[in-house]
file model31.cif (mmCIF, C-alpha atoms and all ligand atoms)
data_start
#
loop_
_atom_site.label_atom_id
_atom_site.label_comp_id
_atom_site.auth_asym_id
_atom_site.auth_seq_id
_atom_site.Cartn_x
_atom_site.Cartn_y
_atom_site.Cartn_z
CA MET A 1 0.00 0.00 0.00
CA VAL A 2 1.14 3.52 -0.64
CA THR A 3 0.29 6.80 1.03
CA LEU A 4 -0.89 9.91 -0.80
CA GLU A 5 2.45 11.45 0.03
CA GLU A 6 4.33 8.55 -1.53
CA LEU A 7 2.16 8.91 -4.61
CA GLY A 8 3.20 12.56 -4.71
CA PHE A 9 -0.45 13.57 -4.71
CA PRO A 10 -0.91 17.32 -4.44
CA GLY A 11 -2.99 18.11 -1.39
CA PRO A 12 -5.38 16.03 0.67
CA ALA A 13 -8.00 13.65 -0.70
CA PRO A 14 -11.27 15.38 -1.55
CA ASP A 15 -13.93 14.82 1.07
CA ASP A 16 -16.67 13.91 -1.38
CA GLY A 17 -15.57 10.29 -1.45
CA ARG A 18 -13.78 10.49 -4.78
CA ARG A 19 -10.53 8.57 -4.64
CA PRO A 20 -7.16 10.15 -5.48
CA ALA A 21 -5.01 8.02 -7.75
CA ARG A 22 -1.92 8.14 -9.90
CA VAL A 23 -1.75 6.75 -13.41
CA ALA A 24 0.73 3.86 -13.73
CA SER A 25 0.04 2.96 -17.35
CA VAL A 26 -2.28 4.02 -20.11
CA HIS A 27 -4.24 1.84 -22.51
CA ALA A 28 -6.69 2.93 -25.14
CA VAL A 29 -9.72 3.75 -23.01
CA ARG A 30 -8.61 2.68 -19.59
CA VAL A 31 -5.76 3.31 -17.21
CA ASP A 32 -4.04 1.34 -14.49
CA VAL A 33 -3.76 3.55 -11.45
CA TRP A 34 -2.44 3.35 -7.92
CA THR A 35 -4.69 4.33 -5.08
CA THR A 36 -3.93 4.23 -1.37
CA ALA A 37 -6.01 1.04 -1.32
CA GLY A 38 -3.96 -0.62 -4.04
CA PRO A 39 -3.93 -0.85 -7.82
CA VAL A 40 -7.14 -0.27 -9.74
CA GLN A 41 -8.05 -0.46 -13.38
CA ALA A 42 -10.26 2.45 -14.30
CA SER A 43 -12.04 3.48 -17.45
CA LEU A 44 -11.51 6.82 -19.13
CA ARG A 45 -14.24 9.07 -20.39
CA SER A 46 -13.67 10.10 -23.97
CA ARG A 47 -13.34 13.77 -23.08
CA PHE A 48 -10.08 12.94 -21.30
CA LEU A 49 -8.56 11.41 -24.42
CA ARG A 50 -7.91 14.76 -25.99
CA ILE A 51 -6.59 16.86 -23.13
CA ASP A 52 -3.05 18.23 -23.30
CA GLY A 53 -1.56 15.37 -25.28
CA GLY A 54 -3.73 12.76 -23.59
CA VAL A 55 -3.70 11.17 -20.16
CA ALA A 56 -0.17 10.07 -19.31
CA VAL A 57 1.74 7.96 -16.84
CA GLY A 58 2.18 10.07 -13.73
CA ASP A 59 -1.08 11.98 -14.07
CA PHE A 60 -3.03 12.55 -10.88
CA VAL A 61 -6.69 11.67 -11.20
CA LEU A 62 -9.81 11.38 -9.09
CA LEU A 63 -11.79 8.17 -9.36
CA GLY A 64 -15.47 8.01 -8.63
CA ALA A 65 -16.44 7.23 -5.05
CA THR A 66 -17.78 3.84 -6.00
CA GLU A 67 -17.18 3.35 -9.70
CA ASP A 68 -13.74 2.72 -11.15
CA VAL A 69 -14.05 5.63 -13.56
CA VAL A 70 -11.70 8.57 -13.96
CA GLU A 71 -13.82 11.61 -13.10
CA GLU A 72 -11.15 14.24 -13.11
CA VAL A 73 -7.59 14.64 -14.34
CA LEU A 74 -5.79 17.17 -12.15
CA PRO A 75 -3.73 19.98 -13.65
CA ARG A 76 -0.14 18.96 -14.24
CA ARG A 77 2.84 20.31 -12.41
CA THR A 78 5.11 19.31 -15.28
CA VAL A 79 4.73 17.36 -18.48
CA PHE A 80 7.05 15.71 -20.95
CA LEU A 81 5.68 15.87 -24.47
CA ARG A 82 6.68 14.36 -27.74
CA GLN A 83 5.28 14.67 -31.20
CA ALA A 84 2.56 12.13 -31.75
CA ALA A 85 3.18 9.58 -34.46
CA GLY A 86 1.65 10.41 -37.82
CA ASP A 87 1.60 13.40 -40.11
CA ARG A 88 -0.31 15.85 -38.00
CA SER A 89 1.73 17.97 -35.66
CA GLU A 90 0.25 17.38 -32.25
CA PRO A 91 1.66 16.60 -28.84
CA GLN A 92 1.52 13.32 -26.99
CA ALA A 93 2.12 13.34 -23.26
CA ILE A 94 4.74 10.78 -22.23
CA ALA A 95 4.99 11.48 -18.53
CA ALA A 96 3.26 13.90 -16.22
CA ASN A 97 4.17 15.45 -12.89
CA VAL A 98 7.79 14.40 -13.12
CA ASP A 99 10.20 16.46 -11.03
CA ARG A 100 13.44 15.32 -12.60
CA VAL A 101 14.25 13.70 -15.91
CA PHE A 102 17.47 11.75 -16.33
CA VAL A 103 18.69 11.85 -19.90
CA VAL A 104 20.84 8.78 -20.27
CA THR A 105 23.56 8.89 -22.87
CA SER A 106 26.39 6.48 -23.35
CA ALA A 107 30.05 7.41 -23.39
CA GLU A 108 30.54 5.47 -26.62
CA ASP A 109 27.75 6.99 -28.64
CA TRP A 110 26.52 10.48 -27.91
CA ASN A 111 25.10 13.24 -30.03
CA LEU A 112 24.99 16.76 -28.75
CA ARG A 113 22.12 17.84 -30.94
CA ARG A 114 19.94 14.94 -29.81
CA LEU A 115 20.70 15.78 -26.20
CA GLU A 116 19.78 19.41 -26.73
CA ARG A 117 16.41 18.39 -28.08
CA TYR A 118 15.77 16.35 -24.96
CA LEU A 119 16.91 19.15 -22.71
CA VAL A 120 14.72 21.74 -24.42
CA ALA A 121 11.69 19.45 -24.37
CA ILE A 122 12.20 18.71 -20.69
CA ALA A 123 12.70 22.35 -19.76
CA THR A 124 9.64 23.34 -21.80
CA GLY A 125 7.54 20.94 -19.76
CA GLY A 126 8.82 22.36 -16.48
CA ALA A 127 10.88 19.44 -15.17
CA GLU A 128 14.54 19.50 -14.23
CA ALA A 129 16.89 17.72 -16.62
CA GLN A 130 20.03 15.88 -15.61
CA ILE A 131 22.41 14.21 -18.01
CA VAL A 132 23.57 10.80 -16.92
CA LEU A 133 26.56 9.42 -18.75
CA SER A 134 26.33 5.62 -18.84
CA LYS A 135 28.78 2.79 -19.46
CA SER A 136 31.66 4.68 -17.89
CA ASP A 137 33.52 1.37 -17.67
CA LEU A 138 34.00 1.62 -21.43
CA GLY A 139 35.99 4.76 -20.78
CA ALA A 140 34.56 8.26 -20.74
CA ASP A 141 37.15 10.56 -22.25
CA VAL A 142 37.71 14.09 -21.05
CA GLU A 143 36.33 15.70 -24.20
CA THR A 144 33.09 13.77 -23.83
CA THR A 145 32.57 14.62 -20.18
CA ASP A 146 33.51 18.24 -20.87
CA ALA A 147 31.12 18.57 -23.79
CA LEU A 148 28.20 16.92 -22.05
CA ALA A 149 28.79 18.24 -18.56
CA PRO A 150 26.94 15.24 -17.16
CA SER A 151 25.67 15.56 -13.66
CA LEU A 152 26.53 11.91 -13.10
CA VAL A 153 28.95 9.43 -14.62
CA THR A 154 27.69 5.89 -14.14
CA SER A 155 28.21 2.27 -15.01
CA ALA A 156 25.54 -0.36 -14.47
CA LYS A 157 28.32 -2.89 -14.91
CA THR A 158 30.72 -1.72 -12.21
CA GLY A 159 28.18 0.12 -10.08
CA ALA A 160 30.02 3.40 -10.44
CA GLY A 161 27.85 6.43 -9.67
CA LEU A 162 24.79 4.36 -8.79
CA ASP A 163 24.62 5.42 -5.14
CA GLU A 164 24.70 9.04 -6.28
CA LEU A 165 21.99 8.30 -8.81
CA ARG A 166 19.85 6.65 -6.15
CA ALA A 167 20.37 9.63 -3.87
CA ARG A 168 18.85 11.85 -6.55
CA ILE A 169 15.58 9.95 -6.40
CA PRO A 170 14.50 10.71 -2.84
CA ARG A 171 11.17 9.73 -1.35
CA GLY A 172 8.36 11.97 -2.55
CA MET A 173 10.07 12.74 -5.86
CA THR A 174 9.04 11.42 -9.25
CA VAL A 175 11.73 10.95 -11.86
CA ALA A 176 11.72 9.72 -15.44
CA PHE A 177 14.45 8.07 -17.48
CA VAL A 178 14.79 8.91 -21.14
CA GLY A 179 17.38 8.07 -23.70
CA SER A 180 17.85 6.54 -27.09
CA SER A 181 17.76 2.80 -27.50
CA GLY A 182 20.98 1.05 -26.53
CA VAL A 183 22.36 3.69 -24.18
CA GLY A 184 21.98 1.39 -21.18
CA LYS A 185 18.85 2.96 -19.72
CA SER A 186 17.25 -0.38 -18.89
CA ALA A 187 20.40 -1.59 -17.20
CA LEU A 188 20.39 1.46 -14.92
CA VAL A 189 16.68 1.24 -14.19
CA ASN A 190 16.94 -2.48 -13.43
CA VAL A 191 19.71 -1.90 -10.91
CA LEU A 192 17.76 0.91 -9.28
CA LEU A 193 14.61 -1.15 -8.96
CA GLY A 194 16.27 -4.41 -8.02
CA ARG A 195 14.87 -7.62 -9.32
CA ASP A 196 11.68 -7.75 -7.32
CA ALA A 197 11.46 -4.09 -6.57
CA GLN A 198 8.39 -3.27 -8.57
CA LEU A 199 5.57 -2.09 -6.43
CA GLU A 200 3.89 -5.06 -4.83
CA GLY A 201 0.60 -6.19 -6.19
CA ALA A 202 0.70 -6.18 -9.94
CA VAL A 203 -2.20 -4.46 -11.53
CA ARG A 204 -4.45 -7.32 -12.45
CA ALA A 205 -7.15 -7.06 -14.99
CA HIS A 206 -10.09 -9.31 -15.38
CA ASP A 207 -10.41 -9.60 -19.10
CA GLY A 208 -13.48 -10.51 -21.09
CA ARG A 209 -12.62 -14.19 -21.17
CA GLY A 210 -12.42 -14.34 -17.40
CA ARG A 211 -8.67 -14.75 -17.18
CA HIS A 212 -6.38 -12.66 -15.05
CA THR A 213 -3.66 -10.87 -16.95
CA THR A 214 -0.86 -8.83 -15.53
CA THR A 215 -0.50 -5.65 -17.48
CA ARG A 216 2.63 -3.72 -18.22
CA ARG A 217 3.39 -0.96 -15.79
CA GLU A 218 5.53 2.06 -16.32
CA LEU A 219 5.47 3.66 -12.88
CA PHE A 220 7.74 2.03 -10.31
CA ALA A 221 8.73 2.58 -6.72
CA VAL A 222 12.46 2.75 -6.11
CA PRO A 223 13.12 0.86 -2.85
CA GLY A 224 13.72 3.43 -0.15
CA GLY A 225 13.29 6.22 -2.67
CA GLY A 226 10.82 7.97 -4.92
CA LEU A 227 8.87 6.97 -7.99
CA LEU A 228 10.38 6.19 -11.37
CA ILE A 229 8.76 6.37 -14.77
CA ASP A 230 10.27 4.26 -17.50
CA THR A 231 8.43 4.48 -20.78
CA PRO A 232 9.55 2.18 -23.57
CA GLY A 233 7.84 4.48 -26.04
CA MET A 234 10.45 7.14 -25.39
CA ARG A 235 12.89 5.20 -27.48
CA GLU A 236 11.79 6.83 -30.68
CA LEU A 237 11.35 10.19 -29.05
CA LYS A 238 10.67 13.26 -31.13
CA PRO A 239 10.29 16.05 -28.62
CA TRP A 240 7.25 18.23 -29.09
CA LEU A 241 8.08 21.87 -28.75
CA PRO A 242 5.65 24.75 -28.82
CA GLY A 243 5.80 26.57 -32.11
CA GLY A 244 6.48 23.51 -34.23
CA GLU A 245 9.97 23.19 -35.57
CA VAL A 246 11.47 25.60 -33.09
CA ASP A 247 14.22 23.19 -32.17
CA ASP A 248 15.46 22.99 -35.73
CA ALA A 249 15.14 26.72 -36.16
CA PHE A 250 17.33 27.44 -33.13
CA ASP A 251 19.97 24.85 -33.69
CA ASP A 252 22.60 27.59 -34.03
CA VAL A 253 21.82 29.17 -30.67
CA ALA A 254 21.64 25.74 -29.06
CA SER A 255 25.02 24.72 -30.42
CA HIS A 256 26.65 27.66 -28.63
CA ALA A 257 24.47 27.32 -25.54
CA ALA A 258 25.82 23.83 -24.98
CA ARG A 259 29.08 25.50 -23.92
CA CYS A 260 27.49 27.99 -21.52
CA ARG A 261 28.69 27.52 -17.97
CA TYR A 262 25.15 27.05 -16.70
CA ARG A 263 22.89 24.58 -18.35
CA ASP A 264 19.84 26.74 -17.72
CA CYS A 265 21.66 29.85 -18.96
CA ALA A 266 19.25 32.50 -20.20
CA HIS A 267 22.05 34.21 -22.14
CA GLU A 268 21.29 37.47 -20.39
CA SER A 269 24.01 38.36 -17.89
CA GLU A 270 25.26 34.97 -16.71
CA PRO A 271 29.04 34.54 -16.47
CA GLY A 272 30.55 32.12 -18.95
CA CYS A 273 27.74 32.55 -21.47
CA ALA A 274 28.98 31.07 -24.74
CA VAL A 275 26.03 32.47 -26.69
CA ARG A 276 26.81 36.09 -25.87
CA GLU A 277 30.47 35.33 -26.56
CA ALA A 278 29.49 33.99 -29.97
CA VAL A 279 27.50 37.16 -30.71
CA ALA A 280 30.45 39.32 -29.61
CA ALA A 281 32.80 37.30 -31.79
CA GLY A 282 30.49 37.64 -34.79
CA ASP A 283 29.74 33.92 -34.89
CA LEU A 284 26.05 34.39 -34.16
CA ALA A 285 23.75 37.15 -35.38
CA PRO A 286 22.34 39.24 -32.50
CA GLU A 287 18.86 38.88 -34.07
CA ARG A 288 19.11 35.15 -33.54
CA LEU A 289 19.72 35.58 -29.85
CA GLU A 290 16.88 38.10 -29.61
CA ALA A 291 14.49 35.73 -31.34
CA TRP A 292 15.54 32.92 -29.04
CA ARG A 293 14.97 35.12 -25.98
CA LYS A 294 11.50 35.95 -27.19
CA LEU A 295 10.72 32.28 -27.50
CA ALA A 296 12.21 31.53 -24.10
CA ARG A 297 9.93 34.15 -22.57
CA GLU A 298 6.90 32.57 -24.23
CA ARG A 299 7.94 29.21 -22.89
CA SER A 300 8.34 30.41 -19.35
CA THR A 301 4.90 32.01 -19.52
CA GLN A 302 3.44 28.65 -20.49
CA VAL A 303 5.17 26.91 -17.63
CA ASP A 304 4.04 29.57 -15.20
CA LYS A 305 0.47 29.15 -16.34
CA SER A 306 0.50 25.47 -15.48
CA LYS A 307 2.09 26.22 -12.11
CA GLN A 308 -0.64 28.73 -11.54
CA ARG A 309 -3.30 26.14 -12.29
CA THR A 310 -1.71 23.74 -9.82
CA ALA A 311 -1.59 26.38 -7.14
CA THR A 312 -5.21 27.32 -7.77
CA LEU A 313 -6.24 23.73 -7.50
CA ALA A 314 -4.39 23.24 -4.22
CA LEU A 315 -6.00 26.35 -2.85
CA ARG A 316 -9.44 25.23 -3.96
CA LYS A 317 -8.87 21.92 -2.22
CA ARG A 318 -7.82 23.57 1.02
CA LEU A 319 -10.84 25.87 0.96
CA ARG A 320 -13.13 22.95 0.26
CA GLU A 321 -11.63 21.11 3.19
CA LYS A 322 -12.02 24.04 5.55
CA GLY A 323 -15.53 24.85 4.48
CA ASN A 324 -16.84 21.43 5.36
P1 LIG B 401 18.60 0.56 -23.39
O1 LIG B 401 18.17 0.24 -24.79
O2 LIG B 401 19.00 1.98 -23.27
O3 LIG B 401 17.62 0.16 -22.37
O4 LIG B 401 19.96 -0.24 -23.16
P2 LIG B 401 20.25 -1.58 -22.35
O5 LIG B 401 20.22 -1.34 -20.90
O6 LIG B 401 19.41 -2.67 -22.89
O7 LIG B 401 21.78 -1.81 -22.76
C1 LIG B 401 22.19 -1.85 -24.10
C2 LIG B 401 23.51 -2.61 -24.19
O8 LIG B 401 24.51 -1.96 -23.42
C3 LIG B 401 23.41 -4.02 -23.62
O9 LIG B 401 24.19 -4.86 -24.45
C4 LIG B 401 23.99 -3.89 -22.24
O10 LIG B 401 24.60 -5.11 -21.82
C5 LIG B 401 25.05 -2.82 -22.44
N1 LIG B 401 25.27 -2.06 -21.19
C6 LIG B 401 24.35 -1.49 -20.39
N2 LIG B 401 24.92 -0.86 -19.34
C7 LIG B 401 26.25 -1.04 -19.47
C8 LIG B 401 27.39 -0.62 -18.70
O11 LIG B 401 27.32 0.04 -17.67
N3 LIG B 401 28.62 -0.99 -19.20
C9 LIG B 401 28.76 -1.72 -20.32
N4 LIG B 401 30.00 -2.02 -20.72
N5 LIG B 401 27.73 -2.13 -21.07
C10 LIG B 401 26.48 -1.80 -20.65
ZN ZN B 402 24.39 31.54 -22.13
#
call {"tool": "encode", "arguments": {"input": "model31.cif", "output": "structure tokens"}}
result
Amino acid sequence: MVTLEELGFPGPAPDDGRRPARVASVHAVRVDVWTTAGPVQASLRSRFLRIDGGVAVGDFVLLGATEDVVEEVLPRRTVFLRQAAGDRSEPQAIAANVDRVFVVTSAEDWNLRRLERYLVAIATGGAEAQIVLSKSDLGADVETTDALAPSLVTSAKTGAGLDELRARIPRGMTVAFVGSSGVGKSALVNVLLGRDAQLEGAVRAHDGRGRHTTTRRELFAVPGGGLLIDTPGMRELKPWLPGGEVDDAFDDVASHAARCRYRDCAHESEPGCAVREAVAAGDLAPERLEAWRKLARERSTQVDKSKQRTATLALRKRLREKGN
């Protein structure tokens, strides 16, 4: 059993009997969720299928008091979006309410541009990004570690850096692991979770033929730590960024920004800003930086809006609680 706090649920349970829950995996018209009373399989109303890239792993929901139906999807604190498959440009939510996203990249095969796309997509959704260099036993050269400025250098094989990684997933926090196929993400996640570390009580579904089937879960509890989202679908990730092909359009700024001293550099007055240096040296047109800043401001407004919604919701809950 888990507590609301362990689920990361924002605020107390509503007092109208509706049950707080967290989405562990998403299927076409139903979701597997965790409640404080254990796992539940709940159906989704069609109006929830179209919200903000769809219901995602990590979403907080309210189930009906008696029926296993999702009645409300709570506003997200953060969201990680990718472009949905197909021709139309629309977002698909991969993970919601994640505090920290570990971008796993291997010492033997890394690509700065790909990393930048992850970092921008993560920052756009409001979560904190941390680069984790994997397979350090294969030898991480100085140029690689300098270029990537990883927050952690790890090896699932030797165990290097794993205690530090674990320490960055404290109780109450929700993290996600992303990375291209083959970087060693599964190896890291498996070590973190341990063999039998998945939350007890698999979500069991009673299917139409009367058999019990254990469904795939994507939300896990790290023993002694927080929650971990591992989504296989992230393998072919195409980050969704507001404004369409913004990432491609700002490749030039991003290529300089990768050398800024601070990863979240706003290229305003930070020391060691490689973007302003590039402008000063004539390597980057000042208009490009200005355009990027404009976009960055738009992005932060979007993030603030979602924070505002969360705050409003928490307040509404507290008032509701007091009033009754
Ligand atoms: P994923 O696709 O990112 O989940 O990658 P996997 O975890 O499946 O690993 C891909 C390959 O890298 C496998 O052959 C693993 O055995 C290997 N691998 C994973 N972690 C390490 C590591 O720390 N060191 C070494 N040398 N190989 C690793
Ligand atoms: Zn900068």
call {"tool": "axis_aligned_box", "arguments": {"input": "model31.cif", "around": "ligand LIG 401 (chain B)", "padding_each_side": "3 Å", "output": "AutoDock Vina command-line options"}}
result
--center_x 23.8 --center_y -1.6 --center_z -21.2 --size_x 18.4 --size_y 13.1 --size_z 13.1
call {"tool": "closest_residue", "arguments": {"input": "model31.cif", "among": "A:Glu218, A:Asp146, A:Asp137, A:Asp230", "to": "ligand LIG 401 (chain B)", "atoms": "all atoms listed in the file"}}
result
A:Asp137
call {"tool": "atom_distance", "arguments": {"input": "model31.cif", "atom1": "CA of Val189 in chain A", "atom2": "CA of Leu74 in chain A"}}
result
27.6 Å
call {"tool": "residues_around", "arguments": {"input": "model31.cif", "residues": "Leu284 in chain A", "least_positions_apart": "5", "cutoff": "10 Å", "atoms": "all atoms listed in the file", "output": "list in words"}}
result
Asp252, Val253, His256, Val275, Arg276, Glu277, Ala278, Val279 and Leu289 of chain A
call {"tool": "residues_near_ligand", "arguments": {"input": "model31.cif", "ligand": "ligand LIG 401 (chain B)", "cutoff": "7 Å", "atoms": "only C-alpha atoms and all ligand atoms", "output": "ChimeraX atom specification"}}
result
/A:134-138,154-158,179-188
call {"tool": "decode", "arguments": {"input": "model31.cif", "residues": "range 173-184 of chain A", "atoms": "N, CA and C atoms", "output": "tab-separated table (two decimals), in the first residue's frame"}}
result
chain	number	residue	atom	x	y	z
A	173	MET	N	9.75	12.20	-4.54
A	173	MET	CA	10.07	12.74	-5.86
A	173	MET	C	9.68	11.74	-6.95
A	174	THR	N	9.29	12.28	-8.10
A	174	THR	CA	9.04	11.42	-9.25
A	174	THR	C	10.06	11.75	-10.33
A	175	VAL	N	10.75	10.73	-10.81
A	175	VAL	CA	11.73	10.95	-11.86
A	175	VAL	C	11.35	10.12	-13.09
A	176	ALA	N	11.90	10.51	-14.23
A	176	ALA	CA	11.72	9.72	-15.44
A	176	ALA	C	13.09	9.48	-16.05
A	177	PHE	N	13.22	8.37	-16.75
A	177	PHE	CA	14.45	8.07	-17.48
A	177	PHE	C	14.15	8.12	-18.97
A	178	VAL	N	14.93	8.88	-19.69
A	178	VAL	CA	14.79	8.91	-21.14
A	178	VAL	C	16.16	8.66	-21.76
A	179	GLY	N	16.13	8.32	-23.00
A	179	GLY	CA	17.38	8.07	-23.70
A	179	GLY	C	17.13	7.22	-24.92
A	180	SER	N	18.02	7.32	-25.88
A	180	SER	CA	17.85	6.54	-27.09
A	180	SER	C	18.12	5.07	-26.80
A	181	SER	N	17.61	4.23	-27.65
A	181	SER	CA	17.76	2.80	-27.50
A	181	SER	C	19.25	2.43	-27.48
A	182	GLY	N	19.62	1.56	-26.55
A	182	GLY	CA	20.98	1.05	-26.53
A	182	GLY	C	21.93	1.80	-25.62
A	183	VAL	N	21.46	2.89	-25.03
A	183	VAL	CA	22.36	3.69	-24.18
A	183	VAL	C	22.59	3.06	-22.81
A	184	GLY	N	21.81	2.03	-22.48
A	184	GLY	CA	21.98	1.39	-21.18
A	184	GLY	C	20.99	1.88	-20.14
